[in-house]
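Quick look at final-v5.cif (mmCIF, C-alpha atoms and all ligand atoms):
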data_work
loop_
_atom_site.label_atom_id
_atom_site.label_comp_id
_atom_site.auth_asym_id
_atom_site.auth_seq_id
_atom_site.Cartn_x
_atom_site.Cartn_y
_atom_site.Cartn_z
CA MET D 1 -5.60 35.33 23.38
CA ASP D 2 -5.09 32.79 26.18
CA ALA D 3 -1.63 31.86 27.44
CA VAL D 4 -1.51 28.50 25.65
CA SER D 5 -2.39 30.04 22.26
CA VAL D 6 0.27 32.72 22.71
CA LEU D 7 2.85 30.03 23.56
CA GLN D 8 1.74 27.91 20.62
CA LYS D 9 2.14 30.85 18.25
CA GLU D 10 5.59 31.60 19.64
CA PHE D 11 6.59 27.92 19.42
CA CYS D 12 5.57 27.85 15.73
CA LYS D 13 7.94 30.76 15.13
CA VAL D 14 10.82 28.85 16.81
CA ASN D 15 9.96 25.82 14.72
CA SER D 16 9.87 27.68 11.42
CA LYS D 17 13.22 29.38 12.18
CA HIS D 18 14.68 25.94 12.94
CA LYS D 19 13.37 24.64 9.63
CA GLU D 20 15.01 27.54 7.77
CA LEU D 21 18.32 26.69 9.45
CA GLN D 22 17.97 23.01 8.58
CA GLU D 23 17.22 23.88 4.95
CA GLY D 24 20.38 26.00 4.79
CA LEU D 25 22.47 23.17 6.23
CA SER D 26 21.03 20.66 3.81
CA ASN D 27 21.73 23.04 0.87
CA LEU D 28 25.33 23.22 2.05
CA ASP D 29 25.48 19.40 2.18
CA ASP D 30 24.20 19.31 -1.41
CA LEU D 31 26.95 21.71 -2.49
CA VAL D 32 29.60 19.53 -0.81
CA ALA D 33 28.18 16.46 -2.54
CA ALA D 34 28.18 18.34 -5.87
CA VAL D 35 31.87 19.18 -5.65
CA GLU D 36 32.71 15.59 -4.69
CA ASN D 37 30.83 14.20 -7.66
CA ASN D 38 31.83 16.77 -10.25
CA GLN D 39 35.52 17.59 -10.73
CA ASP D 40 34.89 20.04 -13.61
CA LEU D 41 32.89 22.46 -11.48
CA ASP D 42 33.46 26.20 -12.02
CA CYS D 43 35.40 27.10 -8.86
CA ASN D 44 34.38 30.78 -8.73
CA TRP D 45 30.73 29.95 -9.15
CA TYR D 46 31.02 27.23 -6.54
CA LEU D 47 32.73 29.47 -3.97
CA ASN D 48 30.09 32.17 -4.48
CA GLN D 49 27.35 29.62 -3.90
CA VAL D 50 28.99 28.39 -0.69
CA LYS D 51 29.51 31.96 0.56
CA THR D 52 25.85 32.86 -0.09
CA GLU D 53 24.70 29.70 1.67
CA LEU D 54 26.96 30.35 4.67
CA THR D 55 25.60 33.89 4.97
CA ASN D 56 22.06 32.51 4.87
CA ILE D 57 22.90 29.91 7.53
CA SER D 58 24.46 32.52 9.78
CA VAL D 59 21.36 34.75 9.48
CA SER D 60 19.03 31.77 10.10
CA HIS D 61 21.04 30.70 13.12
CA LYS D 62 20.88 34.20 14.59
CA ASP D 63 17.10 34.35 13.98
CA TRP D 64 16.61 30.94 15.52
CA HIS D 65 18.62 31.85 18.58
CA GLY D 66 16.62 35.06 18.93
CA SER D 67 13.31 33.23 18.68
CA ILE D 68 14.37 30.73 21.37
CA SER D 69 15.34 33.40 23.89
CA ARG D 70 12.10 35.27 23.10
CA PHE D 71 10.16 32.05 23.71
CA GLY D 72 11.65 31.78 27.21
CA LYS D 73 10.60 35.34 27.99
CA VAL D 74 7.07 34.71 26.70
CA ILE D 75 6.80 31.62 28.95
CA ASP D 76 7.83 33.68 31.98
CA LYS D 77 5.39 36.42 31.06
CA GLN D 78 2.41 34.20 30.24
CA LEU D 79 2.64 31.49 32.89
CA THR D 80 2.37 33.58 35.99
CA GLU D 81 -0.36 31.55 37.71
CA ASN D 82 0.78 30.19 41.04
CA VAL D 83 -0.05 26.48 41.15
CA SER D 84 1.87 25.67 44.32
CA PHE D 85 -1.49 25.27 46.11
CA PHE D 86 -1.96 22.02 44.25
CA THR D 87 1.40 20.44 44.93
CA ASN D 88 1.55 17.57 47.33
CA ARG D 89 5.19 16.82 48.07
CA ASP D 90 4.33 13.68 50.07
CA LEU D 91 3.16 12.09 46.84
CA ILE D 92 6.62 12.30 45.30
CA SER D 93 8.84 11.74 48.32
CA GLY D 94 10.02 8.69 50.25
CA ARG D 95 8.98 5.39 48.74
CA ASN D 96 6.84 7.17 46.19
CA SER D 97 9.87 8.86 44.66
CA GLN D 98 11.10 5.43 43.51
CA LEU D 99 7.78 4.90 41.82
CA LEU D 100 8.00 8.29 40.16
CA HIS D 101 11.52 7.52 38.92
CA GLN D 102 10.26 4.24 37.53
CA LEU D 103 7.44 6.05 35.70
CA ILE D 104 9.87 8.58 34.22
CA CYS D 105 12.21 5.80 33.03
CA GLU D 106 9.33 3.82 31.56
CA HIS D 107 8.02 6.91 29.78
CA PHE D 108 11.30 7.58 27.98
CA LEU D 109 11.93 3.89 27.34
CA ARG D 110 8.61 3.78 25.51
CA GLN D 111 9.80 6.66 23.37
CA GLY D 112 13.04 4.83 22.64
CA ASN D 113 15.07 7.59 24.27
CA LEU D 114 17.65 5.28 25.85
CA GLU D 115 20.34 7.93 26.15
CA LEU D 116 18.07 10.10 28.27
CA VAL D 117 17.13 7.11 30.45
CA GLU D 118 20.81 6.33 31.08
CA LYS D 119 21.43 9.94 32.08
CA PHE D 120 18.38 9.98 34.31
CA VAL D 121 19.40 6.73 36.03
CA GLN D 122 22.86 8.18 36.59
CA ASP D 123 21.57 11.45 38.08
CA SER D 124 18.70 10.06 40.15
CA GLY D 125 20.41 6.90 41.37
CA HIS D 126 17.37 4.90 40.28
CA LYS D 127 18.06 1.21 39.83
CA LEU D 128 16.85 0.09 36.44
CA GLU D 129 17.28 -3.58 35.67
CA GLU D 130 18.62 -4.48 32.24
CA CYS D 131 15.79 -6.97 31.72
CA LYS D 132 13.29 -4.11 32.01
CA LYS D 133 15.08 -2.13 29.32
CA ARG D 134 15.43 -4.85 26.68
CA PRO D 135 11.76 -5.26 25.67
CA PHE D 136 11.43 -1.52 25.07
CA VAL D 137 14.52 -1.48 22.87
CA ASP D 138 12.99 -4.26 20.76
CA LEU D 139 9.60 -2.55 20.71
CA ASN D 140 11.04 0.72 19.46
CA GLN D 141 13.10 -0.99 16.79
CA ILE D 142 10.05 -2.80 15.49
CA VAL D 143 7.86 0.33 15.53
CA GLY D 144 10.68 2.15 13.70
CA SER D 145 10.61 -0.53 11.00
CA LEU D 146 6.81 -0.33 10.78
CA ARG D 147 7.07 3.42 10.20
CA LYS D 148 9.37 2.63 7.29
CA ARG D 149 6.71 0.18 6.10
CA ASP D 150 8.88 -2.83 6.85
CA LEU D 151 6.59 -5.49 8.30
CA LEU D 152 9.10 -8.31 8.68
CA PRO D 153 10.42 -7.57 12.22
CA ALA D 154 6.85 -7.20 13.53
CA LEU D 155 5.78 -10.46 11.88
CA LYS D 156 8.78 -12.21 13.43
CA TRP D 157 7.80 -10.81 16.83
CA CYS D 158 4.26 -12.14 16.35
CA GLU D 159 5.64 -15.56 15.51
CA ASN D 160 7.69 -15.58 18.72
CA ASN D 161 4.74 -14.46 20.83
CA ARG D 162 1.99 -16.33 19.00
CA PRO D 163 0.57 -18.33 21.96
CA ALA D 164 0.27 -15.22 24.16
CA LEU D 165 -1.29 -13.18 21.32
CA LYS D 166 -3.74 -15.96 20.56
CA LYS D 167 -4.75 -16.10 24.20
CA ARG D 168 -5.55 -12.39 24.07
CA GLY D 169 -7.57 -12.86 20.86
CA SER D 170 -5.21 -10.42 19.14
CA SER D 171 -5.68 -9.47 15.47
CA LEU D 172 -2.17 -8.09 15.12
CA GLU D 173 -0.66 -10.89 13.04
CA PHE D 174 -3.61 -10.88 10.65
CA MET D 175 -3.47 -7.09 10.30
CA LEU D 176 0.24 -7.26 9.42
CA HIS D 177 -0.29 -9.93 6.76
CA ARG D 178 -3.27 -7.94 5.51
CA LEU D 179 -1.04 -4.91 4.93
CA ASN D 180 1.43 -7.07 3.00
CA PHE D 181 -1.41 -8.39 0.85
CA ILE D 182 -2.79 -4.88 0.23
CA SER D 183 0.68 -3.65 -0.80
CA LEU D 184 0.77 -6.38 -3.49
CA ILE D 185 -2.71 -5.38 -4.68
CA LYS D 186 -1.67 -1.75 -4.84
CA GLU D 187 1.36 -2.72 -6.91
CA ARG D 188 -1.06 -4.57 -9.24
CA ASN D 189 0.87 -7.78 -8.57
CA THR D 190 -1.94 -10.33 -9.04
CA ALA D 191 0.32 -13.38 -9.01
CA GLY D 192 2.04 -12.25 -5.84
CA ALA D 193 -1.28 -11.44 -4.15
CA LEU D 194 -2.74 -14.84 -5.10
CA GLN D 195 0.28 -16.57 -3.67
CA TYR D 196 0.08 -14.48 -0.50
CA ALA D 197 -3.58 -15.42 -0.12
CA GLN D 198 -2.38 -18.88 0.90
CA ILE D 199 -0.68 -17.37 3.97
CA LEU D 200 -3.91 -15.55 4.81
CA GLY D 201 -5.73 -18.89 4.73
CA GLN D 202 -4.72 -19.56 8.36
CA PHE D 203 -7.01 -16.70 9.46
CA VAL D 204 -10.14 -17.93 7.73
CA GLU D 205 -11.83 -18.94 10.97
CA THR D 206 -11.05 -15.82 12.93
CA HIS D 207 -11.28 -13.12 10.23
CA LYS D 208 -13.68 -14.53 7.64
CA LYS D 209 -15.44 -11.27 6.70
CA GLN D 210 -12.24 -9.28 6.31
CA LEU D 211 -10.71 -12.06 4.23
CA GLN D 212 -13.73 -12.08 1.92
CA ARG D 213 -13.20 -8.35 1.31
CA LEU D 214 -9.51 -8.86 0.62
CA MET D 215 -10.28 -11.60 -1.89
CA GLY D 216 -12.95 -9.38 -3.49
CA SER D 217 -10.37 -6.67 -4.01
CA LEU D 218 -8.42 -9.07 -6.28
CA LEU D 219 -11.03 -8.40 -8.96
CA TYR D 220 -9.88 -4.81 -9.24
CA VAL D 221 -6.13 -5.37 -9.49
CA SER D 222 -6.04 -4.61 -13.22
CA THR D 223 -8.40 -1.60 -13.18
CA GLY D 224 -6.90 -0.15 -10.03
CA ILE D 225 -8.21 -0.59 -6.51
CA GLU D 226 -8.27 3.18 -5.99
CA ASN D 227 -11.31 3.41 -8.30
CA SER D 228 -13.19 0.55 -6.65
CA VAL D 229 -15.41 0.04 -3.62
CA TYR D 230 -12.32 -1.38 -1.90
CA ARG D 231 -10.40 1.91 -2.01
CA ASP D 232 -10.54 2.18 1.82
CA LEU D 233 -8.09 -0.76 1.97
CA ILE D 234 -5.27 1.41 0.64
CA ASP D 235 -5.87 4.26 3.07
CA PRO D 236 -2.40 5.26 4.44
CA GLN D 237 -4.03 5.56 7.86
CA HIS D 238 -3.72 1.75 8.19
CA TRP D 239 0.05 2.21 8.54
CA SER D 240 -0.19 4.51 11.51
CA ASP D 241 -2.95 2.29 12.97
CA ILE D 242 -0.66 -0.73 12.80
CA CYS D 243 2.03 1.11 14.83
CA ASP D 244 -0.58 1.85 17.49
CA LEU D 245 -1.89 -1.70 17.46
CA PHE D 246 1.60 -3.14 17.73
CA THR D 247 2.51 -0.85 20.67
CA LYS D 248 -0.76 -1.75 22.38
CA GLU D 249 -0.21 -5.50 22.02
CA ALA D 250 3.48 -5.39 22.95
CA CYS D 251 2.75 -3.28 26.04
CA SER D 252 -0.09 -5.61 27.04
CA LEU D 253 2.21 -8.62 26.85
CA MET D 254 4.64 -6.74 29.10
CA GLY D 255 1.75 -6.07 31.50
CA LEU D 256 1.76 -2.34 30.72
CA SER D 257 -0.89 0.11 29.59
CA LYS D 258 -0.79 1.30 25.97
CA GLU D 259 -0.30 4.94 26.94
CA SER D 260 2.50 6.08 29.19
CA PRO D 261 1.10 6.60 32.73
CA LEU D 262 3.29 9.68 33.06
CA SER D 263 1.77 11.33 29.95
CA ILE D 264 -1.72 10.47 31.15
CA THR D 265 -1.03 11.98 34.56
CA VAL D 266 0.46 15.17 33.16
CA ASP D 267 -2.35 15.42 30.62
CA ALA D 268 -5.01 14.95 33.30
CA GLY D 269 -3.27 17.48 35.56
CA CYS D 270 -3.15 20.10 32.82
CA LYS D 271 -6.84 19.61 32.08
CA ALA D 272 -7.85 19.74 35.74
CA LEU D 273 -5.73 22.69 36.88
CA PRO D 274 -7.80 25.56 35.41
CA ALA D 275 -11.02 24.19 36.94
CA LEU D 276 -9.35 23.52 40.28
CA ASN D 277 -7.85 26.98 40.31
CA SER D 278 -11.25 28.59 39.81
CA ILE D 279 -12.75 26.46 42.59
CA ARG D 280 -9.84 27.27 44.88
CA GLN D 281 -10.48 30.99 44.53
CA VAL D 282 -14.14 30.54 45.52
CA MET D 283 -13.35 28.13 48.35
CA GLU D 284 -10.53 30.24 49.70
CA ALA D 285 -12.90 33.16 50.00
CA LYS D 286 -15.13 30.95 52.14
CA GLN D 287 -12.09 29.55 53.99
CA LEU D 288 -12.87 26.01 52.94
CA TRP D 289 -9.78 25.33 50.86
CA GLY D 290 -7.25 22.86 52.22
CA LEU D 291 -9.51 21.48 54.95
CA LYS D 292 -9.61 18.07 53.35
CA ASP D 293 -6.92 16.08 51.58
CA GLU D 294 -9.08 15.42 48.53
CA LEU D 295 -10.30 17.11 45.38
CA PRO D 296 -13.23 19.36 46.25
CA CYS D 297 -15.16 18.52 43.10
CA GLU D 298 -15.27 16.18 40.15
CA VAL D 299 -13.36 17.44 37.11
CA ASP D 300 -14.36 16.25 33.65
CA LEU D 301 -11.15 15.13 31.94
CA GLY D 302 -12.77 14.12 28.64
CA PRO D 303 -13.04 10.70 26.99
CA SER D 304 -9.26 10.21 26.57
CA CYS D 305 -8.89 10.00 30.33
CA GLN D 306 -11.82 7.67 30.87
CA PHE D 307 -10.83 4.12 31.61
CA HIS D 308 -12.70 1.05 32.72
CA SER D 309 -15.08 1.63 35.60
CA LEU D 310 -13.65 1.04 39.00
CA PHE D 311 -14.54 2.10 42.47
CA ALA D 312 -12.24 3.40 45.14
CA CYS D 313 -13.61 3.27 48.67
CA PRO D 314 -13.84 6.82 50.04
CA ILE D 315 -13.33 5.51 53.58
CA LEU D 316 -10.39 3.13 53.10
CA ARG D 317 -9.07 5.01 50.07
CA ALA D 318 -8.36 1.79 48.26
CA GLN D 319 -9.60 0.37 44.99
CA CYS D 320 -12.37 -2.20 45.42
CA THR D 321 -11.68 -5.76 44.41
CA LYS D 322 -13.68 -8.95 43.99
CA SER D 323 -12.97 -9.90 47.59
CA ASN D 324 -13.78 -6.37 48.78
CA PRO D 325 -16.61 -5.20 46.51
CA PRO D 326 -18.40 -1.83 46.62
CA MET D 327 -21.60 -1.85 48.72
CA ARG D 328 -24.52 0.55 48.35
CA LEU D 329 -26.06 1.61 51.64
CA GLU D 330 -29.79 2.22 51.85
CA CYS D 331 -29.26 5.99 51.67
CA GLY D 332 -27.53 5.60 48.29
CA HIS D 333 -23.94 6.21 49.38
CA VAL D 334 -21.40 3.59 48.37
CA ILE D 335 -18.47 2.32 50.43
CA SER D 336 -16.39 -0.86 50.28
CA ASN D 337 -17.42 -4.06 52.02
CA ASP D 338 -14.41 -3.90 54.35
CA ALA D 339 -15.31 -0.35 55.36
CA LEU D 340 -18.90 -1.44 55.95
CA LYS D 341 -17.71 -4.21 58.28
CA ARG D 342 -15.46 -1.80 60.16
CA LEU D 343 -18.17 0.82 60.59
CA ALA D 344 -20.82 -1.65 61.71
CA ILE D 345 -21.53 -1.63 65.43
CA SER D 346 -24.01 -4.15 66.85
CA ASN D 347 -25.73 -4.71 63.51
CA LYS D 348 -26.10 -1.00 62.79
CA VAL D 349 -24.09 1.15 60.47
CA LYS D 350 -24.08 4.92 60.36
CA CYS D 351 -23.45 6.23 56.84
CA PRO D 352 -20.27 8.34 57.00
CA TYR D 353 -21.78 10.84 54.57
CA CYS D 354 -25.42 11.60 55.33
CA PRO D 355 -25.34 10.06 58.16
CA GLN D 356 -28.36 7.79 58.01
CA GLU D 357 -28.38 4.72 60.21
CA THR D 358 -29.15 1.39 58.57
CA SER D 359 -28.48 -2.29 58.99
CA PRO D 360 -25.36 -3.66 57.19
CA SER D 361 -27.43 -6.54 55.82
CA GLU D 362 -29.52 -4.04 53.82
CA ALA D 363 -26.46 -2.88 51.89
CA LYS D 364 -26.37 -4.16 48.32
CA GLN D 365 -23.34 -5.09 46.27
CA ILE D 366 -22.66 -2.84 43.26
CA TYR D 367 -21.40 -4.31 39.98
CA PHE D 368 -19.49 -2.23 37.42
ZN ZN A 1 -25.57 8.06 53.26
#
As a first step, turn the structure in this file into structure tokens.
Ligand SMILES: [Zn+2]
Amino acid sequence: MDAVSVLQKEFCKVNSKHKELQEGLSNLDDLVAAVENNQDLDCNWYLNQVKTELTNISVSHKDWHGSISRFGKVIDKQLTENVSFFTNRDLISGRNSQLLHQLICEHFLRQGNLELVEKFVQDSGHKLEECKKRPFVDLNQIVGSLRKRDLLPALKWCENNRPALKKRGSSLEFMLHRLNFISLIKERNTAGALQYAQILGQFVETHKKQLQRLMGSLLYVSTGIENSVYRDLIDPQHWSDICDLFTKEACSLMGLSKESPLSITVDAGCKALPALNSIRQVMEAKQLWGLKDELPCEVDLGPSCQFHSLFACPILRAQCTKSNPPMRLECGHVISNDALKRLAISNKVKCPYCPQETSPSEAKQIYF
């Protein structure tokens, strides 16, 4: 069994012990509530119940504690690989450390963990402006309401940000109203659904097909939508989708990516490390490791880490832009236009990779 599977198995044990403890505590709460609500309770019976529950809780707590300390030992035993070869301290020191602190704050703000952010700011000395915190607080409150199937705060947010959402061609407001409509259908509330259809009227131009389906579903209110061709409309998945969609739109309006950059980076690092470690062992044997400050090979990180196509110039180590586009040399190697200009000497350019000599005018712009 590989290290991750062993850790997963051990973590499940910790989790199940924690659940047992929580169950015991909630049983005790029930007993307290019972005595508060019932004055005629048999005292002996009650005390015996409490004693049994307390014994159970004490055993569960001991088990849980044991499983946690065992988990620590398993981590130490399983994760013995030395990954210090891949650390680059320059990346997280000096000015970059501020950036890293900002990423950490943003990550926990996205999760709504304000207490942790406060503590982090205190310990790291990072300056976090109040105006940067506020939108995340609102975002988390609204997502919390959506999880409880309360659409009102999200609809209010849409109303306040309507021009910006419209500019983005966002479907969020429609999707929220759609969920309200579907809830009425599910409750077999025909009158309510018909009335709500008037609100949906505003989306007729932008969401005609979806609206037609919603109106079609009205036919099945009495017989039950779950037995009709429209049963996909009541799929509970729509509720988790709406949380994702809301987070995506709210982050976009704040100029942020939907996923936390810190999670993406850690995720990508975890995926790349095993491959890099294998390559390192081969390259070290040939004394090639560490000669260049770059990854020695391309590592496939899977579709979740694939973003829009962009090109970073291997010479200038900067992302290409419209004013500095990528240029393909005649040999097939691609560098940025600025790099091409810098490398050109008296109308000749020597490819930094092959190194074939060509004329800069023969280089062609690449479009992604
Ligand atoms: Zn070349």
**Request:** With only C-alpha atoms and all ligand atoms counted, collect every polymer residue having an atom within 7 Å of ligand ZN 1 (chain A); state the result as a ChimeraX atom specification.
**Result:** /D:329,331-333,351-356
**Prompt:** If we count all atoms listed in the file, what is near D:Cys105 at a cut-off of 12 Å, once residues fewer than 2 positions away on the same chain are taken out, given as a PyMOL selection string?
**Reply:** chain D and resi 98-103+107-122+124-129+132-133+136+260-262
Please produce a file of those selected residues containing C-alpha atoms, as a PDB file, in the coordinates of the input.
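The result, written out as out-v4.pdb:
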ATOM      1  CA  GLN D  98      11.100   5.430  43.510  1.00  0.00           C
ATOM      2  CA  LEU D  99       7.780   4.900  41.820  1.00  0.00           C
ATOM      3  CA  LEU D 100       8.000   8.290  40.160  1.00  0.00           C
ATOM      4  CA  HIS D 101      11.520   7.520  38.920  1.00  0.00           C
ATOM      5  CA  GLN D 102      10.260   4.240  37.530  1.00  0.00           C
ATOM      6  CA  LEU D 103       7.440   6.050  35.700  1.00  0.00           C
ATOM      7  CA  HIS D 107       8.020   6.910  29.780  1.00  0.00           C
ATOM      8  CA  PHE D 108      11.300   7.580  27.980  1.00  0.00           C
ATOM      9  CA  LEU D 109      11.930   3.890  27.340  1.00  0.00           C
ATOM     10  CA  ARG D 110       8.610   3.780  25.510  1.00  0.00           C
ATOM     11  CA  GLN D 111       9.800   6.660  23.370  1.00  0.00           C
ATOM     12  CA  GLY D 112      13.040   4.830  22.640  1.00  0.00           C
ATOM     13  CA  ASN D 113      15.070   7.590  24.270  1.00  0.00           C
ATOM     14  CA  LEU D 114      17.650   5.280  25.850  1.00  0.00           C
ATOM     15  CA  GLU D 115      20.340   7.930  26.150  1.00  0.00           C
ATOM     16  CA  LEU D 116      18.070  10.100  28.270  1.00  0.00           C
ATOM     17  CA  VAL D 117      17.130   7.110  30.450  1.00  0.00           C
ATOM     18  CA  GLU D 118      20.810   6.330  31.080  1.00  0.00           C
ATOM     19  CA  LYS D 119      21.430   9.940  32.080  1.00  0.00           C
ATOM     20  CA  PHE D 120      18.380   9.980  34.310  1.00  0.00           C
ATOM     21  CA  VAL D 121      19.400   6.730  36.030  1.00  0.00           C
ATOM     22  CA  GLN D 122      22.860   8.180  36.590  1.00  0.00           C
ATOM     23  CA  SER D 124      18.700  10.060  40.150  1.00  0.00           C
ATOM     24  CA  GLY D 125      20.410   6.900  41.370  1.00  0.00           C
ATOM     25  CA  HIS D 126      17.370   4.900  40.280  1.00  0.00           C
ATOM     26  CA  LYS D 127      18.060   1.210  39.830  1.00  0.00           C
ATOM     27  CA  LEU D 128      16.850   0.090  36.440  1.00  0.00           C
ATOM     28  CA  GLU D 129      17.280  -3.580  35.670  1.00  0.00           C
ATOM     29  CA  LYS D 132      13.290  -4.110  32.010  1.00  0.00           C
ATOM     30  CA  LYS D 133      15.080  -2.130  29.320  1.00  0.00           C
ATOM     31  CA  PHE D 136      11.430  -1.520  25.070  1.00  0.00           C
ATOM     32  CA  SER D 260       2.500   6.080  29.190  1.00  0.00           C
ATOM     33  CA  PRO D 261       1.100   6.600  32.730  1.00  0.00           C
ATOM     34  CA  LEU D 262       3.290   9.680  33.060  1.00  0.00           C
TER      35      LEU D 262
END
**Message:** Taking all atoms listed in the file into account, name the residue in D:Ala268, D:Lys186, D:Leu176, D:Leu139 that is nearest to D:Gln306.
**Reply:**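 Among the listed residues, the smallest separation from D:Gln306 belongs to D:Ala268.
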**Message:** To one decimal place in Å, what is the distance between atom CA of D:Leu233 and atom CA of D:Ser252?
**Reply:** 26.8 Å
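Counting only C-alpha atoms and comparing D:Asn15, D:Ile335, D:Glu81, D:Lys364, the residue that lies closest to D:Ser278 is D:Glu81.
Ranking D:Thr321, D:Ser67, D:Asn82, D:Ser263 by their shortest atom-to-atom distance to D:Phe368, with all atoms listed in the file included, puts D:Thr321 first.
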**Request:** Would you mind listing what lies within 10 Å of stretch 19-27 of chain D as a list in words, with all atoms listed in the file counted and same-chain residues fewer than 3 positions away left out?
**Result:**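 After dropping sequence-adjacent residues, the list is Lys13, Val14, Asn15, Ser16, Asp30, Leu31, Val32, Ala33, Gln49, Val50, Glu53, Leu54, Thr55, Asn56, Ile57, Ser58, Val59, Ser60, His61, Lys62, Asp63 and Trp64 of chain D.
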**Item:** Selection: 10 Å around D:Gln78, only C-alpha atoms, excl. self and same-chain fewer than 6 positions, as a ChimeraX atom specification
**Value:** /D:2-4,6-7
**Prompt:** Which residues, written as a VMD selection string, have at least one atom at most 12 Å from D:Ile234, with all atoms listed in the file counted and residues fewer than 4 positions away on the same chain left out?
**Reply:** chain D and resid 178 to 187 214 217 224 to 230 238 to 239
Output file for the selection above: C-alpha atoms, as a compact mmCIF listing (two decimals), in the coordinates of the input:
# COMPACT_ATOMS: atom_id res chain seq x y z
CA ARG D 178 -3.27 -7.94 5.51
CA LEU D 179 -1.04 -4.91 4.93
CA ASN D 180 1.43 -7.07 3.00
CA PHE D 181 -1.41 -8.39 0.85
CA ILE D 182 -2.79 -4.88 0.23
CA SER D 183 0.68 -3.65 -0.80
CA LEU D 184 0.77 -6.38 -3.49
CA ILE D 185 -2.71 -5.38 -4.68
CA LYS D 186 -1.67 -1.75 -4.84
CA GLU D 187 1.36 -2.72 -6.91
CA LEU D 214 -9.51 -8.86 0.62
CA SER D 217 -10.37 -6.67 -4.01
CA GLY D 224 -6.90 -0.15 -10.03
CA ILE D 225 -8.21 -0.59 -6.51
CA GLU D 226 -8.27 3.18 -5.99
CA ASN D 227 -11.31 3.41 -8.30
CA SER D 228 -13.19 0.55 -6.65
CA VAL D 229 -15.41 0.04 -3.62
CA TYR D 230 -12.32 -1.38 -1.90
CA HIS D 238 -3.72 1.75 8.19
CA TRP D 239 0.05 2.21 8.54
**Message:** I need the residue nearest D:Ala272 from this list: D:Leu316, D:Leu194, D:Leu256, D:Val83. Use all atoms listed in the file for the distance.
**Reply:**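 The shortest atom-to-atom distance to D:Ala272 comes from D:Val83.
If you measure from each of D:Val35, D:Val349, D:Met215, D:Met175 to D:Ile242 using all atoms listed in the file, the closest one turns out to be D:Met175.
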**Asked** What lies within 9 Å of D:Leu200 using only C-alpha atoms, ignoring chain neighbours under 2 positions off, as a ChimeraX atom specification?
**Response** /D:174,177-178,181,196-198,202-204,211
Next, dump the selected residues to file, keeping only C-alpha atoms, as a PDB file, keeping the file's coordinate frame.
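Written file, part_35.pdb:
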ATOM      1  CA  PHE D 174      -3.610 -10.880  10.650  1.00  0.00           C
ATOM      2  CA  HIS D 177      -0.290  -9.930   6.760  1.00  0.00           C
ATOM      3  CA  ARG D 178      -3.270  -7.940   5.510  1.00  0.00           C
ATOM      4  CA  PHE D 181      -1.410  -8.390   0.850  1.00  0.00           C
ATOM      5  CA  TYR D 196       0.080 -14.480  -0.500  1.00  0.00           C
ATOM      6  CA  ALA D 197      -3.580 -15.420  -0.120  1.00  0.00           C
ATOM      7  CA  GLN D 198      -2.380 -18.880   0.900  1.00  0.00           C
ATOM      8  CA  GLN D 202      -4.720 -19.560   8.360  1.00  0.00           C
ATOM      9  CA  PHE D 203      -7.010 -16.700   9.460  1.00  0.00           C
ATOM     10  CA  VAL D 204     -10.140 -17.930   7.730  1.00  0.00           C
ATOM     11  CA  LEU D 211     -10.710 -12.060   4.230  1.00  0.00           C
TER      12      LEU D 211
END
**Message:** For a test of reading the model, state the distance in Å between atom CA of D:Ile75 and atom CA of D:Phe11, rounded to one decimal.
**Reply:**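 Atom CA of D:Phe11 lies at a distance of 10.2 Å from atom CA of D:Ile75.
One distance worth recording is that between atom CA of D:Ser145 and atom CA of D:Thr247, which is 12.6 Å.
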